[in-house]
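Data file: final_24.pdb. Format and content: PDB, C-alpha atoms.
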```pdb
ATOM      1  CA  MET A  37    -233.138  36.182-201.930
ATOM      2  CA  THR A  38    -236.661  36.513-200.688
ATOM      3  CA  GLN A  39    -239.095  34.421-202.610
ATOM      4  CA  ASP A  40    -242.667  35.398-203.148
ATOM      5  CA  THR A  41    -244.849  32.835-201.428
ATOM      6  CA  GLN A  42    -248.554  32.641-200.882
ATOM      7  CA  GLU A  43    -250.850  30.810-198.567
ATOM      8  CA  VAL A  44    -252.190  27.596-199.950
ATOM      9  CA  LEU A  45    -255.657  26.154-199.685
ATOM     10  CA  ARG A  46    -255.621  22.376-199.657
ATOM     11  CA  VAL A  47    -258.595  20.466-200.985
ATOM     12  CA  PRO A  48    -258.520  16.681-200.553
ATOM     13  CA  ASP A  49    -258.235  14.815-203.807
ATOM     14  CA  ALA A  50    -256.983  11.499-205.062
ATOM     15  CA  TYR A  51    -255.876  10.325-208.453
ATOM     16  CA  VAL A  52    -256.689   6.676-208.910
ATOM     17  CA  LEU A  53    -255.164   4.269-211.363
ATOM     18  CA  SER A  54    -257.146   1.097-211.977
ATOM     19  CA  ALA A  55    -255.504  -1.563-214.077
ATOM     20  CA  VAL A  56    -255.929  -5.177-215.006
ATOM     21  CA  LEU A  57    -252.798  -7.014-216.043
ATOM     22  CA  THR A  58    -252.519 -10.445-217.525
ATOM     23  CA  ALA A  59    -249.939 -12.844-216.096
ATOM     24  CA  LEU A  60    -246.424 -11.328-216.163
ATOM     25  CA  GLN A  61    -247.595  -8.436-218.308
ATOM     26  CA  THR A  62    -245.889  -5.037-218.305
ATOM     27  CA  LEU A  63    -247.964  -1.971-219.085
ATOM     28  CA  GLN A  64    -247.382   1.735-218.832
ATOM     29  CA  PHE A  65    -250.168   4.059-217.738
ATOM     30  CA  THR A  66    -250.514   7.805-217.662
ATOM     31  CA  VAL A  67    -252.256   9.463-214.765
ATOM     32  CA  GLN A  68    -253.291  12.884-215.996
ATOM     33  CA  ILE A  69    -253.185  15.693-213.452
ATOM     34  CA  GLN A  70    -256.157  17.921-214.083
ATOM     35  CA  GLN A  71    -255.933  21.501-215.203
ATOM     36  CA  LYS A  72    -257.702  22.788-212.112
ATOM     37  CA  ALA A  73    -254.809  22.705-209.658
ATOM     38  CA  ASP A  74    -251.379  21.452-208.740
ATOM     39  CA  PHE A  75    -251.522  18.176-206.897
ATOM     40  CA  GLU A  76    -249.658  17.426-203.697
ATOM     41  CA  TRP A  77    -249.046  13.697-203.284
ATOM     42  CA  VAL A  78    -249.106  12.778-199.603
ATOM     43  CA  ASN A  79    -249.928   9.085-199.200
ATOM     44  CA  ARG A  80    -248.970   6.040-201.209
ATOM     45  CA  ILE A  81    -251.844   3.572-201.250
ATOM     46  CA  ALA A  82    -252.446   0.502-203.376
ATOM     47  CA  ALA A  83    -254.276  -2.791-203.403
ATOM     48  CA  SER A  84    -253.997  -5.688-205.786
ATOM     49  CA  THR A  85    -254.990  -9.280-206.235
ATOM     50  CA  GLY A  86    -251.381 -10.313-206.741
ATOM     51  CA  ALA A  87    -247.804  -9.180-206.501
ATOM     52  CA  PHE A  88    -246.519  -6.553-208.885
ATOM     53  CA  ARG A  89    -243.654  -4.167-209.389
ATOM     54  CA  VAL A  90    -243.930  -0.481-210.099
ATOM     55  CA  GLN A  91    -241.993   2.318-211.774
ATOM     56  CA  ILE A  92    -243.065   5.919-211.291
ATOM     57  CA  GLN A  93    -241.935   8.946-213.241
ATOM     58  CA  ASP A  94    -242.967  12.581-213.184
ATOM     59  CA  ALA A  95    -243.654  13.287-216.838
ATOM     60  CA  ALA A  96    -243.140  17.022-216.417
ATOM     61  CA  THR A  97    -239.596  16.771-215.120
ATOM     62  CA  GLY A  98    -238.610  13.306-216.272
ATOM     63  CA  ARG A  99    -237.694  12.366-212.736
ATOM     64  CA  ASN A 100    -237.784   8.730-211.844
ATOM     65  CA  LEU A 101    -238.944   8.515-208.258
ATOM     66  CA  ILE A 102    -237.420   5.046-207.906
ATOM     67  CA  THR A 103    -233.883   3.929-208.677
ATOM     68  CA  ASN A 104    -232.957   0.275-208.830
ATOM     69  CA  ASN A 105    -230.065  -1.382-210.618
ATOM     70  CA  PRO A 106    -230.792  -5.092-210.384
ATOM     71  CA  PRO A 107    -227.918  -7.525-210.759
ATOM     72  CA  ALA A 108    -226.831  -8.546-214.222
ATOM     73  CA  GLY A 109    -228.824 -11.431-215.558
ATOM     74  CA  SER A 110    -231.736 -10.692-213.298
ATOM     75  CA  ALA A 111    -235.189 -10.607-214.790
ATOM     76  CA  VAL A 112    -236.082  -7.670-212.561
ATOM     77  CA  ALA A 113    -236.862  -4.466-214.429
ATOM     78  CA  ALA A 114    -234.598  -1.513-213.738
ATOM     79  CA  ASN A 115    -235.883   1.351-211.619
ATOM     80  CA  SER A 116    -238.725  -0.711-210.262
ATOM     81  CA  VAL A 117    -239.569  -1.962-206.790
ATOM     82  CA  ASN A 118    -241.928  -4.481-205.340
ATOM     83  CA  ALA A 119    -245.188  -2.629-204.755
ATOM     84  CA  ALA A 120    -245.468  -4.155-201.308
ATOM     85  CA  ASN A 121    -242.353  -2.210-200.343
ATOM     86  CA  TYR A 122    -243.599   1.046-201.786
ATOM     87  CA  PHE A 123    -247.307   1.343-201.071
ATOM     88  CA  GLY A 124    -249.381   0.992-197.957
ATOM     89  CA  THR A 125    -253.099   0.637-197.500
ATOM     90  CA  ALA A 126    -255.798   3.150-196.655
ATOM     91  CA  GLN A 127    -255.543   2.126-193.026
ATOM     92  CA  LEU A 128    -251.771   2.031-193.015
ATOM     93  CA  PRO A 129    -250.631   4.311-195.822
ATOM     94  CA  ASN A 130    -247.026   4.894-196.723
ATOM     95  CA  PRO A 131    -246.747   8.636-196.050
ATOM     96  CA  LEU A 132    -244.415  10.901-197.956
ATOM     97  CA  LEU A 133    -242.769  12.852-195.168
ATOM     98  CA  GLN A 134    -241.862  15.447-197.751
ATOM     99  CA  PRO A 135    -244.853  15.420-200.099
ATOM    100  CA  TYR A 136    -244.303  15.707-203.814
ATOM    101  CA  VAL A 137    -246.103  18.287-205.929
ATOM    102  CA  PHE A 138    -247.116  17.470-209.482
ATOM    103  CA  ALA A 139    -247.759  20.512-211.628
ATOM    104  CA  ARG A 140    -251.281  20.896-212.899
ATOM    105  CA  ALA A 141    -251.937  19.518-216.378
ATOM    106  CA  SER A 142    -248.833  17.368-216.072
ATOM    107  CA  ALA A 143    -248.847  13.588-215.818
ATOM    108  CA  ILE A 144    -247.561  10.719-213.760
ATOM    109  CA  LEU A 145    -246.134   7.858-215.764
ATOM    110  CA  VAL A 146    -246.728   4.569-214.008
ATOM    111  CA  THR A 147    -245.360   1.274-215.279
ATOM    112  CA  LEU A 148    -246.847  -1.835-213.725
ATOM    113  CA  ILE A 149    -245.209  -5.243-213.979
ATOM    114  CA  ASP A 150    -247.097  -8.306-212.853
ATOM    115  CA  THR A 151    -244.963 -10.791-210.941
ATOM    116  CA  SER A 152    -247.745 -13.015-209.671
ATOM    117  CA  GLY A 153    -248.055 -15.072-212.810
ATOM    118  CA  ASN A 154    -251.825 -14.702-212.726
ATOM    119  CA  PRO A 155    -254.289 -12.054-213.849
ATOM    120  CA  ASN A 156    -253.836  -9.111-211.546
ATOM    121  CA  THR A 157    -256.323  -6.372-210.725
ATOM    122  CA  ILE A 158    -254.481  -3.373-209.382
ATOM    123  CA  GLU A 159    -255.616  -0.092-207.924
ATOM    124  CA  ILE A 160    -253.149   2.622-207.031
ATOM    125  CA  ASN A 161    -254.400   5.605-205.119
ATOM    126  CA  PHE A 162    -252.320   8.765-205.271
ATOM    127  CA  ASP A 163    -253.796  10.368-202.199
ATOM    128  CA  GLY A 164    -253.233  14.019-201.486
ATOM    129  CA  PHE A 165    -254.486  17.530-202.002
ATOM    130  CA  ASP A 166    -255.250  19.966-204.749
ATOM    131  CA  LEU A 167    -253.434  23.220-204.092
ATOM    132  CA  TYR A 168    -255.217  26.506-204.630
ATOM    133  CA  PRO A 169    -254.131  30.031-203.752
ATOM    134  CA  ALA A 170    -255.908  30.764-200.479
ATOM    135  CA  SER A 171    -256.539  34.327-201.554
ATOM    136  CA  ALA A 172    -258.277  33.338-204.783
ATOM    137  CA  PRO A 173    -259.157  29.656-204.830
ATOM    138  CA  HIS A 174    -261.414  30.112-207.837
ATOM    139  CA  GLN A 175    -258.348  30.823-209.930
ATOM    140  CA  GLY A 176    -256.927  27.402-209.528
ATOM    141  CA  SER A 177    -253.180  27.417-209.694
ATOM    142  CA  SER A 178    -253.170  30.256-212.190
ATOM    143  CA  GLY A 179    -250.990  28.417-214.619
ATOM    144  CA  ALA A 180    -247.754  29.190-212.813
ATOM    145  CA  LEU A 181    -245.315  26.386-212.573
ATOM    146  CA  VAL A 182    -244.723  24.686-209.293
ATOM    147  CA  SER A 183    -241.442  25.563-207.681
ATOM    148  CA  GLN A 184    -239.813  22.817-205.696
ATOM    149  CA  ASP A 185    -236.945  25.124-204.723
ATOM    150  CA  GLN A 186    -238.161  27.330-201.978
TER
ATOM    151  CA  MET B 248    -247.787  28.643-207.701
ATOM    152  CA  ASN B 249    -245.017  28.085-205.249
ATOM    153  CA  ALA B 250    -244.819  24.874-203.316
ATOM    154  CA  PRO B 251    -246.541  25.058-199.942
ATOM    155  CA  GLN B 252    -244.431  26.808-197.358
ATOM    156  CA  ARG B 253    -245.168  24.313-194.634
ATOM    157  CA  ASN B 254    -245.062  20.589-194.764
ATOM    158  CA  ILE B 255    -248.586  19.175-194.776
ATOM    159  CA  TRP B 256    -247.780  17.046-191.758
ATOM    160  CA  ASP B 257    -247.197  20.198-189.728
ATOM    161  CA  GLU B 258    -250.369  21.907-190.873
ATOM    162  CA  VAL B 259    -252.640  20.314-188.301
ATOM    163  CA  SER B 260    -253.739  23.200-186.157
ATOM    164  CA  GLY B 261    -255.014  23.065-182.632
ATOM    165  CA  ILE B 262    -252.869  20.175-181.515
ATOM    166  CA  HIS B 263    -252.359  19.897-177.802
ATOM    167  CA  VAL B 264    -249.808  17.735-176.126
ATOM    168  CA  PRO B 265    -249.875  14.789-175.813
ATOM    169  CA  ARG B 266    -251.812  14.409-178.999
ATOM    170  CA  HIS B 267    -249.534  13.289-181.722
ATOM    171  CA  TRP B 268    -248.767  15.683-184.567
ATOM    172  CA  MET B 269    -249.858  13.104-187.115
ATOM    173  CA  GLY B 270    -252.942  12.135-185.203
ATOM    174  CA  ALA B 271    -255.349  13.768-187.599
ATOM    175  CA  TRP B 272    -253.927  11.804-190.473
ATOM    176  CA  LEU B 273    -252.936   8.461-189.128
ATOM    177  CA  SER B 274    -255.573   6.650-187.152
ATOM    178  CA  TYR B 275    -253.484   3.629-186.314
ATOM    179  CA  ARG B 276    -249.977   4.648-185.328
ATOM    180  CA  LYS B 277    -250.399   7.750-183.225
ATOM    181  CA  LEU B 278    -248.403   6.552-180.294
ATOM    182  CA  ALA B 279    -245.988   4.254-182.025
ATOM    183  CA  SER B 280    -245.071   6.913-184.530
ATOM    184  CA  LEU B 281    -244.017   9.288-181.819
ATOM    185  CA  GLN B 282    -240.999   7.141-181.160
ATOM    186  CA  GLN B 283    -240.039   6.580-184.746
ATOM    187  CA  LEU B 284    -240.844   9.498-186.980
ATOM    188  CA  PRO B 285    -238.521  12.471-187.269
ATOM    189  CA  ASN B 286    -239.901  15.507-185.509
ATOM    190  CA  SER B 287    -241.067  18.704-187.164
ATOM    191  CA  ASP B 288    -237.716  20.443-186.788
ATOM    192  CA  VAL B 289    -236.043  17.681-188.714
ATOM    193  CA  ARG B 290    -238.819  17.524-191.280
ATOM    194  CA  ALA B 291    -238.498  21.232-191.908
ATOM    195  CA  GLN B 292    -235.077  20.543-193.379
ATOM    196  CA  LEU B 293    -236.656  18.373-196.056
ATOM    197  CA  ALA B 294    -238.401  21.282-197.753
ATOM    198  CA  GLY B 295    -237.681  21.516-201.446
ATOM    199  CA  LEU B 296    -236.469  17.946-201.779
ATOM    200  CA  TYR B 297    -238.378  15.306-203.688
ATOM    201  CA  PRO B 298    -239.017  11.608-203.046
ATOM    202  CA  MET B 299    -236.222   9.395-204.271
ATOM    203  CA  ASP B 300    -236.176   5.732-203.353
ATOM    204  CA  TYR B 301    -233.373   3.271-203.969
ATOM    205  CA  GLY B 302    -234.280  -0.358-204.465
ATOM    206  CA  PHE B 303    -231.830  -3.225-204.055
ATOM    207  CA  THR B 304    -232.960  -6.542-205.470
ATOM    208  CA  PHE B 305    -231.139  -9.762-204.681
ATOM    209  CA  VAL B 306    -231.659 -13.267-205.997
ATOM    210  CA  ILE B 307    -229.744 -15.479-203.592
ATOM    211  CA  PRO B 308    -229.310 -19.270-203.607
ATOM    212  CA  THR B 309    -229.857 -21.242-200.427
ATOM    213  CA  GLN B 310    -227.924 -19.778-197.513
ATOM    214  CA  ALA B 311    -225.628 -17.853-199.804
ATOM    215  CA  THR B 312    -224.530 -14.246-199.413
ATOM    216  CA  SER B 313    -224.827 -11.474-201.939
ATOM    217  CA  ASP B 314    -223.663  -7.858-202.111
ATOM    218  CA  GLN B 315    -224.993  -4.894-203.964
ATOM    219  CA  ARG B 316    -223.526  -1.460-204.195
ATOM    220  CA  THR B 317    -224.832   1.785-205.536
ATOM    221  CA  VAL B 318    -223.450   5.294-205.482
ATOM    222  CA  ILE B 319    -225.615   8.166-204.380
ATOM    223  CA  MET B 320    -224.858  10.871-206.906
ATOM    224  CA  LYS B 321    -226.535  13.866-205.288
ATOM    225  CA  ASN B 322    -227.383  14.977-201.812
ATOM    226  CA  TRP B 323    -229.824  12.468-200.426
ATOM    227  CA  ILE B 324    -231.486  11.922-197.075
ATOM    228  CA  LEU B 325    -232.386   8.445-195.884
ATOM    229  CA  LEU B 326    -235.758   8.520-194.151
ATOM    230  CA  ALA B 327    -237.071   4.993-194.020
ATOM    231  CA  MET B 328    -236.482   1.401-195.031
ATOM    232  CA  SER B 329    -238.682  -1.447-196.184
ATOM    233  CA  CYS B 330    -238.106  -4.988-197.382
ATOM    234  CA  SER B 331    -239.680  -8.103-198.808
ATOM    235  CA  ALA B 332    -238.521 -11.638-199.533
ATOM    236  CA  ASN B 333    -240.402 -14.316-201.371
ATOM    237  CA  LYS B 334    -239.209 -17.081-199.041
ATOM    238  CA  ASP B 335    -240.684 -15.508-195.935
ATOM    239  CA  GLY B 336    -243.199 -17.593-194.107
ATOM    240  CA  LEU B 337    -242.915 -20.787-196.085
ATOM    241  CA  ALA B 338    -243.414 -22.736-192.872
ATOM    242  CA  GLY B 339    -246.314 -20.576-191.781
ATOM    243  CA  PRO B 340    -247.186 -16.921-191.204
ATOM    244  CA  ALA B 341    -244.100 -14.866-190.578
ATOM    245  CA  ALA B 342    -243.107 -11.247-190.584
ATOM    246  CA  PRO B 343    -241.483  -9.930-193.761
ATOM    247  CA  GLY B 344    -237.733 -10.231-193.647
ATOM    248  CA  THR B 345    -237.487 -13.352-191.538
ATOM    249  CA  SER B 346    -235.807 -15.333-194.307
ATOM    250  CA  PHE B 347    -232.677 -13.207-194.614
ATOM    251  CA  GLN B 348    -230.290 -11.056-192.677
ATOM    252  CA  ALA B 349    -228.673  -7.911-193.930
ATOM    253  CA  GLN B 350    -226.159  -5.265-193.080
ATOM    254  CA  ILE B 351    -225.961  -1.832-194.642
ATOM    255  CA  TYR B 352    -222.738   0.092-195.072
ATOM    256  CA  VAL B 353    -222.596   3.752-196.004
ATOM    257  CA  GLY B 354    -219.276   5.010-197.325
ATOM    258  CA  LYS B 355    -219.712   8.284-195.531
ATOM    259  CA  TYR B 356    -216.834   9.816-193.618
ATOM    260  CA  LYS B 357    -213.352   8.453-193.985
ATOM    261  CA  GLN B 358    -213.910   4.918-192.869
ATOM    262  CA  GLY B 359    -217.555   4.478-193.730
ATOM    263  CA  VAL B 360    -220.255   3.499-191.311
ATOM    264  CA  ALA B 361    -222.386   0.431-190.888
ATOM    265  CA  LEU B 362    -225.986   0.903-189.793
ATOM    266  CA  SER B 363    -225.669  -2.136-187.528
ATOM    267  CA  ASP B 364    -222.614  -3.770-186.009
ATOM    268  CA  ARG B 365    -223.465  -7.133-187.519
ATOM    269  CA  PRO B 366    -226.050  -8.499-189.915
ATOM    270  CA  ALA B 367    -229.567  -8.396-188.496
ATOM    271  CA  ARG B 368    -232.685 -10.144-189.625
ATOM    272  CA  GLY B 369    -234.708  -8.141-192.069
ATOM    273  CA  SER B 370    -237.736  -8.365-189.813
ATOM    274  CA  ASN B 371    -235.743  -6.581-187.119
ATOM    275  CA  GLN B 372    -234.630  -3.627-189.166
ATOM    276  CA  PHE B 373    -237.007  -2.965-192.049
ATOM    277  CA  GLY B 374    -240.403  -2.570-190.427
ATOM    278  CA  GLY B 375    -243.324  -4.947-190.464
ATOM    279  CA  THR B 376    -246.706  -5.526-191.935
ATOM    280  CA  ASP B 377    -250.268  -5.962-190.839
ATOM    281  CA  LEU B 378    -251.219  -9.424-192.007
ATOM    282  CA  ALA B 379    -254.905  -8.544-191.808
ATOM    283  CA  ASN B 380    -254.315  -5.882-194.446
ATOM    284  CA  LEU B 381    -252.026  -7.865-196.611
ATOM    285  CA  THR B 382    -252.658  -7.793-200.323
ATOM    286  CA  GLY B 383    -250.291  -9.204-202.858
ATOM    287  CA  ALA B 384    -246.821 -10.247-201.752
ATOM    288  CA  GLY B 385    -245.752  -9.391-198.253
ATOM    289  CA  GLY B 386    -243.639  -6.290-197.912
ATOM    290  CA  THR B 387    -243.295  -3.650-195.266
ATOM    291  CA  GLY B 388    -244.453  -0.658-197.281
ATOM    292  CA  MET B 389    -247.427  -0.174-194.993
ATOM    293  CA  LEU B 390    -245.408  -0.186-191.785
ATOM    294  CA  LEU B 391    -241.970   0.740-192.887
ATOM    295  CA  ARG B 392    -239.261   1.625-190.430
ATOM    296  CA  TYR B 393    -238.612   5.328-190.150
ATOM    297  CA  LEU B 394    -235.380   6.686-188.829
ATOM    298  CA  ARG B 395    -236.050   8.970-185.933
ATOM    299  CA  ARG B 396    -233.158  11.078-187.153
ATOM    300  CA  PRO B 397    -232.765  10.983-190.954
ATOM    301  CA  LEU B 398    -229.307  10.239-192.298
ATOM    302  CA  TRP B 399    -227.843  12.758-194.710
ATOM    303  CA  ILE B 400    -225.764  11.120-197.414
ATOM    304  CA  PRO B 401    -223.495  13.451-199.399
ATOM    305  CA  PRO B 402    -222.953  13.190-203.165
ATOM    306  CA  ASN B 403    -220.758  10.403-204.525
ATOM    307  CA  THR B 404    -221.263   8.231-201.484
ATOM    308  CA  PRO B 405    -221.388   4.468-202.013
ATOM    309  CA  ILE B 406    -223.954   2.364-200.215
ATOM    310  CA  LEU B 407    -223.289  -1.337-199.877
ATOM    311  CA  ILE B 408    -225.861  -3.854-198.730
ATOM    312  CA  ARG B 409    -224.809  -7.393-197.875
ATOM    313  CA  VAL B 410    -227.607  -9.935-197.606
ATOM    314  CA  GLN B 411    -227.429 -13.525-196.441
ATOM    315  CA  ASN B 412    -230.230 -15.863-197.376
ATOM    316  CA  LEU B 413    -231.312 -17.829-194.320
ATOM    317  CA  SER B 414    -233.859 -19.914-196.153
ATOM    318  CA  THR B 415    -233.100 -23.586-196.651
ATOM    319  CA  ASN B 416    -235.541 -23.796-199.496
ATOM    320  CA  ALA B 417    -233.989 -25.182-202.653
ATOM    321  CA  GLU B 418    -235.141 -22.215-204.686
ATOM    322  CA  ALA B 419    -233.370 -18.886-204.631
ATOM    323  CA  ASN B 420    -234.733 -16.227-202.336
ATOM    324  CA  GLN B 421    -235.641 -12.960-204.021
ATOM    325  CA  VAL B 422    -234.966 -10.293-201.470
ATOM    326  CA  GLU B 423    -235.652  -6.636-201.987
ATOM    327  CA  ILE B 424    -234.632  -3.799-199.737
ATOM    328  CA  VAL B 425    -235.890  -0.304-200.467
ATOM    329  CA  LEU B 426    -234.205   2.709-198.931
ATOM    330  CA  GLN B 427    -236.738   5.507-199.005
ATOM    331  CA  GLY B 428    -235.729   9.106-198.821
ATOM    332  CA  VAL B 429    -235.635  12.480-200.456
ATOM    333  CA  GLY B 430    -233.046  14.029-202.707
ATOM    334  CA  GLU B 431    -232.211  16.963-204.897
TER
END
```
Would you mind writing the file out in structure tokens?
Amino acid sequence: MTQDTQEVLRVPDAYVLSAVLTALQTLQFTVQIQQKADFEWVNRIAASTGAFRVQIQDAATGRNLITNNPPAGSAVAANSVNAANYFGTAQLPNPLLQPYVFARASAILVTLIDTSGNPNTIEINFDGFDLYPASAPHQGSSGALVSQDQ
Amino acid sequence: MNAPQRNIWDEVSGIHVPRHWMGAWLSYRKLASLQQLPNSDVRAQLAGLYPMDYGFTFVIPTQATSDQRTVIMKNWILLAMSCSANKDGLAGPAAPGTSFQAQIYVGKYKQGVALSDRPARGSNQFGGTDLANLTGAGGTGMLLRYLRRPLWIPPNTPILIRVQNLSTNAEANQVEIVLQGVGE
């Protein structure tokens, strides 16, 4: 079946989550994708003052982007990984070879778990692009849902 | 709006050999990446899949061995691997993964395959890190090891990781291996 596709205009954008956790605290945050356009996540970037673990879920689809079943009796939270294994830095980002598109007006659910035992200032940078139709960028994404199945 | 037809990493126009296809995006690893990253033909096969990472966390007493197994339920493609261990570098600066060795088995095909013929140090198979950029605990997320040719793993395939703690520290070593990839 031929699928109707259109050229895409990419405009650099980044959604930034700034958080301050107390020692060993777990908090969930919502990163709201703006109404203006779908967002293509390309680079994983983060910095922090201490170690932490992360869970990430696409609120629109309910997909957990991380799966982890820690051993029984472990204090490690399920479906979380050490941030140092998941994020890079601005100089050395962790690139998504197949970028992930969040639908506009949807949200990213991010759960942060401090493992440093000290107050932790965390910044996560979802680096990527806003996607606009190249033929009519002023329309934004026109409200149509993103299709991951092309 | 439909997802972009072309992978963003292939959208850099005007590239001339020998400039690397990722050169416009990655300032640091242009040349090194050429040897490690899957090429555009391989990446084209990833279209429509979404990021799905599997973490394996171990808490292992001194010089003990631990196994963990998980079953991949849907089609999944292994792209890259990273690791961390909290007993790395206790005697001084060291690359992530120096305090353990690991071997990965994939129950694919009739007999299953191992990704190395014997356990190898984590620092030799899960990438590295740039100590100058290090924030938080040391892991290899910033310089993870990409497979030049991604490994397709069919549904209902078990993955087993066996880790041996090489640290002589009295405390248990918390080792984490993350298999990064894309799935359905």
Residue neighbourhood range 40-56 of chain A, 7 Å, all atoms listed in the file, exclusion window fewer than 5 positions, as a ChimeraX atom specification: /A:67,156-170 /B:249,251
Mind writing the picked residues with C-alpha atoms as a PDB file, in the coordinates of the input?
```pdb
ATOM      1  CA  VAL A  67    -252.256   9.463-214.765  1.00  0.00           C
ATOM      2  CA  ASN A 156    -253.836  -9.111-211.546  1.00  0.00           C
ATOM      3  CA  THR A 157    -256.323  -6.372-210.725  1.00  0.00           C
ATOM      4  CA  ILE A 158    -254.481  -3.373-209.382  1.00  0.00           C
ATOM      5  CA  GLU A 159    -255.616  -0.092-207.924  1.00  0.00           C
ATOM      6  CA  ILE A 160    -253.149   2.622-207.031  1.00  0.00           C
ATOM      7  CA  ASN A 161    -254.400   5.605-205.119  1.00  0.00           C
ATOM      8  CA  PHE A 162    -252.320   8.765-205.271  1.00  0.00           C
ATOM      9  CA  ASP A 163    -253.796  10.368-202.199  1.00  0.00           C
ATOM     10  CA  GLY A 164    -253.233  14.019-201.486  1.00  0.00           C
ATOM     11  CA  PHE A 165    -254.486  17.530-202.002  1.00  0.00           C
ATOM     12  CA  ASP A 166    -255.250  19.966-204.749  1.00  0.00           C
ATOM     13  CA  LEU A 167    -253.434  23.220-204.092  1.00  0.00           C
ATOM     14  CA  TYR A 168    -255.217  26.506-204.630  1.00  0.00           C
ATOM     15  CA  PRO A 169    -254.131  30.031-203.752  1.00  0.00           C
ATOM     16  CA  ALA A 170    -255.908  30.764-200.479  1.00  0.00           C
TER      17      ALA A 170
ATOM     18  CA  ASN B 249    -245.017  28.085-205.249  1.00  0.00           C
ATOM     19  CA  PRO B 251    -246.541  25.058-199.942  1.00  0.00           C
TER      20      PRO B 251
END
```
query: Which residues fall under the PyMOL selection byres ((chain B and resi 350) around 8) in this file, as a list of chain:residue names?
result: B:Gln348, B:Ala349, B:Ile351, B:Tyr352, B:Ala361, B:Leu362, B:Ser363, B:Arg365, B:Pro366, B:Ala367, B:Ile408, B:Arg409, B:Val410
Atom-to-atom span, CA of Gly336 in chain B and CA of Val112 in chain A, Å: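 Between CA of Gly336 in chain B and CA of Val112 in chain A the gap works out to 22.1 Å.
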- request: With the file shown as input, list the residues that the PyMOL selection byres ((chain B and resi 355) around 10) selects, as a PyMOL selection string.
  value: chain B and resi 352-354+356-361+399-406
task: Evaluate the PyMOL selection byres ((chain B and resi 344) around 10) on the structure here and hand back the selected residues as a PyMOL selection string.
output: chain B and resi 329-336+341-343+345-349+367-375+385-387+413+422-424
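One distance worth recording is that between CA of Thr125 in chain A and CA of Ala111 in chain A, which is 27.3 Å.
The closest residue to chain B, picked from A:Ala59, A:Ile149, A:Leu101, A:Ala73 and counting all atoms listed in the file, is A:Leu101.
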query: For Ile92 in chain A, which of B:Gln292, B:Gly388, B:Pro285, B:Pro298 is the closest residue, counting all atoms listed in the file?
result: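 Nearest to Ile92 in chain A: B:Pro298.
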- prompt: Of the candidates A:Ala83, A:Ala108, A:Ala143, A:Ala114, which one gets nearest to chain B if we count all atoms listed in the file?
  reply: A:Ala83
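Remark: for chain B, the closest of the candidate residues A:Val90, A:Leu128, A:Ala113, A:Leu63 is A:Leu128 (distances computed over all atoms listed in the file).
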query: If you count all atoms listed in the file, which residues fall within 7 Å of Tyr136 in chain A, apart from same-chain ones fewer than 3 positions away, as a ChimeraX atom specification?
result: /A:76-77 /B:297-298
query: So what do you get for CA of Gln315 in chain B versus CA of Gln427 in chain B, distance-wise?
result: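 Between CA of Gln315 in chain B and CA of Gln427 in chain B the gap is 16.5 Å.
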message: Which residue is closest to Phe305 in chain B? Choose from B:Val425, B:Leu337, B:Ile324, B:Met389 and count only C-alpha atoms.
response: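 Of the candidates, the smallest distance to Phe305 in chain B is held by B:Val425.
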Might I get the box with edges along x, y and z of the file that holds all atoms of range 281-298 of chain B listed there, padded by 5 Å on every side, given as centre and edge lengths in Å to one decimal, as AutoDock Vina command-line options?
```
--center_x -239.5 --center_y 14.0 --center_z -192.4 --size_x 18.9 --size_y 24.9 --size_z 32.5
```
- prompt: Using only C-alpha atoms, which of the listed residues (A:Pro107, A:Gly98, A:Gly86, A:Pro131) sits closest to chain B?
  reply: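 Among the listed residues, the smallest separation from chain B belongs to A:Gly86.
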task: Can you pull out every residue within 12 Å of Tyr301 in chain B, counting all atoms listed in the file, but drop anything in the same chain fewer than 5 positions away, and send it as a PyMOL selection string?
output: (chain A and resi 91+100-106+114-118+121-122) or (chain B and resi 315-320+323-330+406-408+423-430)
query: Can you list, as JSON, numbers by chain, every protein, DNA or RNA residue that comes within 6 Å of Gln70 in chain A when you count all atoms listed in the file, leaving out same-chain residues fewer than 2 positions away?
result: {"A": [72, 140, 141]}
Residues just named, written with C-alpha atoms as a short mmCIF file (atom, residue, chain, number, x, y, z; two decimals), in the frame of the given file:
```
data_model
loop_
_atom_site.label_atom_id
_atom_site.label_comp_id
_atom_site.auth_asym_id
_atom_site.auth_seq_id
_atom_site.Cartn_x
_atom_site.Cartn_y
_atom_site.Cartn_z
CA LYS A 72 -257.70 22.79 -212.11
CA ARG A 140 -251.28 20.90 -212.90
CA ALA A 141 -251.94 19.52 -216.38
#
```
